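For reference, start_35.cif (mmCIF, C-alpha atoms):
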data_start
#
loop_
_atom_site.label_atom_id
_atom_site.label_comp_id
_atom_site.auth_asym_id
_atom_site.auth_seq_id
_atom_site.Cartn_x
_atom_site.Cartn_y
_atom_site.Cartn_z
CA MET A 30 -61.10 -46.29 0.93
CA LEU A 31 -58.42 -46.45 3.59
CA PRO A 32 -60.68 -45.49 6.54
CA LEU A 33 -63.25 -48.04 5.37
CA CYS A 34 -60.58 -50.74 5.10
CA GLU A 35 -59.32 -49.92 8.60
CA ALA A 36 -62.85 -50.08 10.01
CA LEU A 37 -63.49 -53.43 8.32
CA ASP A 38 -60.00 -54.71 9.14
CA ILE A 39 -59.29 -55.65 5.52
CA SER A 40 -56.82 -54.55 2.88
CA VAL A 41 -57.66 -52.31 -0.07
CA ASN A 42 -57.02 -55.30 -2.30
CA GLU A 43 -59.65 -57.34 -0.44
CA LEU A 44 -62.11 -54.43 -0.68
CA LEU A 45 -61.61 -54.17 -4.45
CA SER A 46 -61.82 -57.95 -4.87
CA GLY A 47 -64.94 -58.24 -2.74
CA GLU A 48 -63.58 -61.24 -0.86
CA LYS A 49 -61.11 -62.26 1.84
CA LEU A 50 -57.83 -63.23 0.25
CA SER A 51 -55.32 -65.82 1.32
CA ILE A 52 -51.61 -65.07 1.18
CA ILE A 53 -51.28 -67.37 -1.84
CA ASN A 54 -53.65 -65.51 -4.17
CA TYR A 55 -53.18 -62.04 -2.66
CA GLN A 56 -50.53 -60.97 -5.19
CA GLU A 57 -52.53 -62.33 -8.13
CA LYS A 58 -55.68 -60.47 -7.06
CA ALA A 59 -53.66 -57.29 -6.46
CA GLU A 60 -52.37 -57.45 -10.03
CA ASP A 61 -55.87 -58.16 -11.38
CA ASN A 62 -57.32 -55.21 -9.44
CA MET A 63 -54.53 -52.91 -10.64
CA LEU A 64 -55.06 -53.95 -14.26
CA SER A 65 -58.80 -53.43 -13.92
CA LEU A 66 -58.31 -49.92 -12.53
CA LEU A 67 -55.80 -49.09 -15.28
CA LYS A 68 -58.21 -50.28 -17.98
CA GLU A 69 -61.04 -48.22 -16.51
CA ASN A 70 -58.79 -45.16 -16.30
CA GLU A 71 -57.70 -45.65 -19.92
CA ALA A 72 -61.32 -45.97 -21.08
CA ASN A 73 -62.21 -42.70 -19.34
CA ARG A 74 -59.22 -40.98 -20.96
CA LYS A 75 -60.33 -42.21 -24.38
CA ARG A 76 -63.85 -40.87 -23.81
CA LEU A 77 -62.46 -37.51 -22.73
CA PHE A 78 -60.17 -37.40 -25.78
CA GLN A 79 -63.11 -38.26 -28.07
CA THR A 80 -65.16 -35.46 -26.54
CA ILE A 81 -62.35 -32.91 -26.96
CA VAL A 82 -61.70 -33.98 -30.57
CA SER A 83 -65.42 -33.76 -31.31
CA ILE A 84 -65.66 -30.24 -29.87
CA VAL A 85 -62.58 -28.97 -31.71
CA THR A 86 -63.65 -30.56 -35.01
CA THR A 87 -67.12 -29.10 -34.69
CA ILE A 88 -65.82 -25.61 -34.00
CA ILE A 89 -63.35 -25.68 -36.89
CA ALA A 90 -65.81 -27.18 -39.39
CA SER A 91 -68.79 -25.03 -38.50
CA VAL A 92 -66.85 -21.76 -38.25
CA SER A 93 -65.13 -22.49 -41.59
CA LEU A 94 -68.42 -23.19 -43.35
CA ILE A 95 -70.13 -20.13 -41.89
CA MET A 96 -67.19 -17.90 -42.80
CA MET A 97 -67.20 -19.27 -46.35
CA ALA A 98 -70.92 -18.54 -46.60
CA SER A 99 -70.39 -15.05 -45.21
CA PHE A 100 -67.31 -13.79 -47.05
CA LEU A 101 -67.21 -15.56 -50.42
CA ASN A 102 -69.20 -14.31 -53.36
CA LEU A 103 -71.68 -17.20 -53.65
CA ASN A 104 -75.28 -17.77 -54.70
CA THR A 105 -77.87 -17.56 -51.96
CA ILE A 106 -78.71 -21.25 -52.37
CA ILE A 107 -75.07 -22.23 -51.83
CA ARG A 108 -74.86 -19.96 -48.77
CA ILE A 109 -77.96 -21.59 -47.31
CA PHE A 110 -76.52 -25.03 -48.09
CA LEU A 111 -73.21 -24.22 -46.32
CA ILE A 112 -74.97 -22.83 -43.26
CA SER A 113 -77.27 -25.87 -43.20
CA ILE A 114 -74.27 -28.22 -43.31
CA ALA A 115 -72.68 -26.26 -40.44
CA LEU A 116 -75.86 -26.60 -38.35
CA ILE A 117 -76.07 -30.34 -39.08
CA ILE A 118 -72.43 -30.76 -37.98
CA ILE A 119 -73.15 -28.85 -34.76
CA ILE A 120 -76.27 -30.92 -34.00
CA LEU A 121 -74.54 -34.25 -34.69
CA SER A 122 -71.59 -33.23 -32.55
CA ILE A 123 -73.83 -32.26 -29.64
CA ILE A 124 -75.60 -35.63 -29.88
CA SER A 125 -72.25 -37.44 -29.99
CA ILE A 126 -70.95 -35.53 -26.96
CA ILE A 127 -74.13 -36.22 -24.98
CA LEU A 128 -74.00 -39.94 -25.75
CA THR A 129 -70.31 -40.17 -24.85
CA ASP A 130 -70.58 -38.05 -21.71
CA SER A 131 -73.70 -39.77 -20.39
CA LYS A 132 -71.90 -43.14 -20.37
CA THR A 133 -68.74 -41.85 -18.66
CA GLY A 134 -69.70 -42.45 -15.05
CA TYR A 135 -72.39 -42.67 -12.44
CA TYR A 136 -74.09 -40.18 -10.16
CA GLU A 137 -74.52 -40.41 -6.40
CA CYS A 138 -77.59 -39.18 -4.58
CA PRO A 139 -76.58 -36.82 -1.74
CA SER A 140 -79.57 -37.95 0.35
CA CYS A 141 -79.30 -41.74 0.30
CA HIS A 142 -75.85 -42.16 -1.37
CA HIS A 143 -77.30 -44.53 -3.97
CA GLN A 144 -75.18 -44.67 -7.12
CA PHE A 145 -77.04 -44.69 -10.43
CA MET A 146 -76.78 -43.86 -14.12
CA PRO A 147 -79.58 -41.63 -15.45
CA THR A 148 -81.28 -42.23 -18.76
CA ILE A 149 -80.15 -40.05 -21.65
CA HIS A 150 -83.43 -38.13 -21.42
CA GLU A 151 -82.87 -37.38 -17.70
CA TYR A 152 -79.23 -36.55 -18.41
CA VAL A 153 -80.06 -34.03 -21.16
CA LYS A 154 -82.91 -32.25 -19.39
CA GLY A 155 -81.19 -32.05 -16.00
CA TYR A 156 -79.84 -28.67 -14.92
CA HIS A 157 -76.10 -29.04 -14.32
CA THR A 158 -72.84 -27.51 -13.23
CA PHE A 159 -69.39 -28.72 -14.28
CA THR A 160 -69.40 -31.56 -11.76
CA LYS A 161 -73.04 -32.11 -10.75
CA ARG A 162 -76.39 -32.63 -12.40
CA TYR A 163 -79.89 -32.02 -11.01
CA LEU A 164 -81.38 -35.54 -11.10
CA ARG A 165 -84.04 -37.66 -9.43
CA CYS A 166 -82.71 -40.61 -7.46
CA PRO A 167 -84.40 -43.88 -8.52
CA LYS A 168 -84.10 -45.24 -4.97
CA CYS A 169 -85.29 -42.45 -2.64
CA LYS A 170 -87.14 -40.46 -5.37
CA LYS A 171 -85.63 -37.14 -4.19
CA THR A 172 -84.41 -34.62 -6.76
CA ASN A 173 -80.99 -33.16 -5.90
CA LEU A 174 -77.71 -32.04 -7.40
CA CYS A 175 -76.02 -35.42 -7.76
#
Give the structure from the file, written as structure tokens.
Amino acid sequence: MLPLCEALDISVNELLSGEKLSIINYQEKAEDNMLSLLKENEANRKRLFQTIVSIVTTIIASVSLIMMASFLNLNTIIRIFLISIALIIIILSIISIILTDSKTGYYECPSCHHQFMPTIHEYVKGYHTFTKRYLRCPKCKKTNLC
């Protein structure tokens, strides 16, 4: 942001506010911008924490149920029931993680630099790495790792 602010001859606070600021309301806008950034950061931390808790809970619950079905002397119907419950937990957790993760941020097209949020369908079916996803840009219609 600093090179952009230098090129536009404005402060970072004015860039974040989207307007030229007078000396009188500069401090107030700076505090508002800082609070806004802190709230956004906190929301992202909460989403990350929810994802981690969901993954850990899923692993513990599903492994426990599968181990019970494998090692305890149980009827076949009860074994099938325990394994079914484990699979349901895994499926629900995957859905929860996808919904949480898909709302975490936006993607930027490397061709036209348009920022967008994909639909859940596009998000799920898109090939991805840890930081990028193969998506189609709604603006330029090119498919890239965004």
Could you list the residues chosen by the PyMOL selection byres ((chain A and resi 120-132) around 8) in this structure as a PyMOL selection string?
chain A and resi 76+80+83-84+87+116-119+133-135+146-147+149+152-153
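The nearest approach to Lys170 of chain A among the residues A:Ser140, A:Asn102, A:Thr148, A:Asn62, with all atoms listed in the file taken into account, belongs to A:Ser140.
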In Å, how far is it from atom CA of Ile112 of chain A to atom CA of Val82 of chain A?
21.5 Å
What does the distance between atom CA of Cys141 of chain A and atom CA of Arg74 of chain A come to in Å, to one decimal place?
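These atoms are spaced 29.3 Å apart.
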Rounded to one decimal place, report the atom CA of Ser91 of chain A-atom CA of Leu111 of chain A distance in Å.
9.0 Å
Using all atoms listed in the file, determine which residues lie at most 9 Å from Lys168 of chain A, disregarding the query and same-chain residues fewer than 5 positions distant; provide the list as a list in words.
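The neighbour list is Cys138, Cys141, His143 and Phe145 of chain A.
Proximity ranking of A:Ala36, A:Leu45, A:Ala72, A:Ile107 relative to Ile95 of chain A places A:Ile107 first, based on all atoms listed in the file.
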Edge lengths and centre in Å to one decimal, as JSON, is what I'm after for the box along x, y and z that holds all listed atoms of segment 128-145 of chain A once 3 Å is added on each side.
{"center_x": -74.2, "center_y": -40.8, "center_z": -12.7, "size_x": 16.8, "size_y": 13.9, "size_z": 32.1}
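This file gives the following result for the PyMOL selection byres ((chain A and resi 172) around 12): Glu137, Cys138, Pro139, Ser140, Cys141, Glu151, Gly155, Tyr156, Arg162, Tyr163, Leu164, Arg165, Cys166, Pro167, Lys168, Cys169, Lys170, Lys171, Asn173, Leu174 and Cys175 of chain A.
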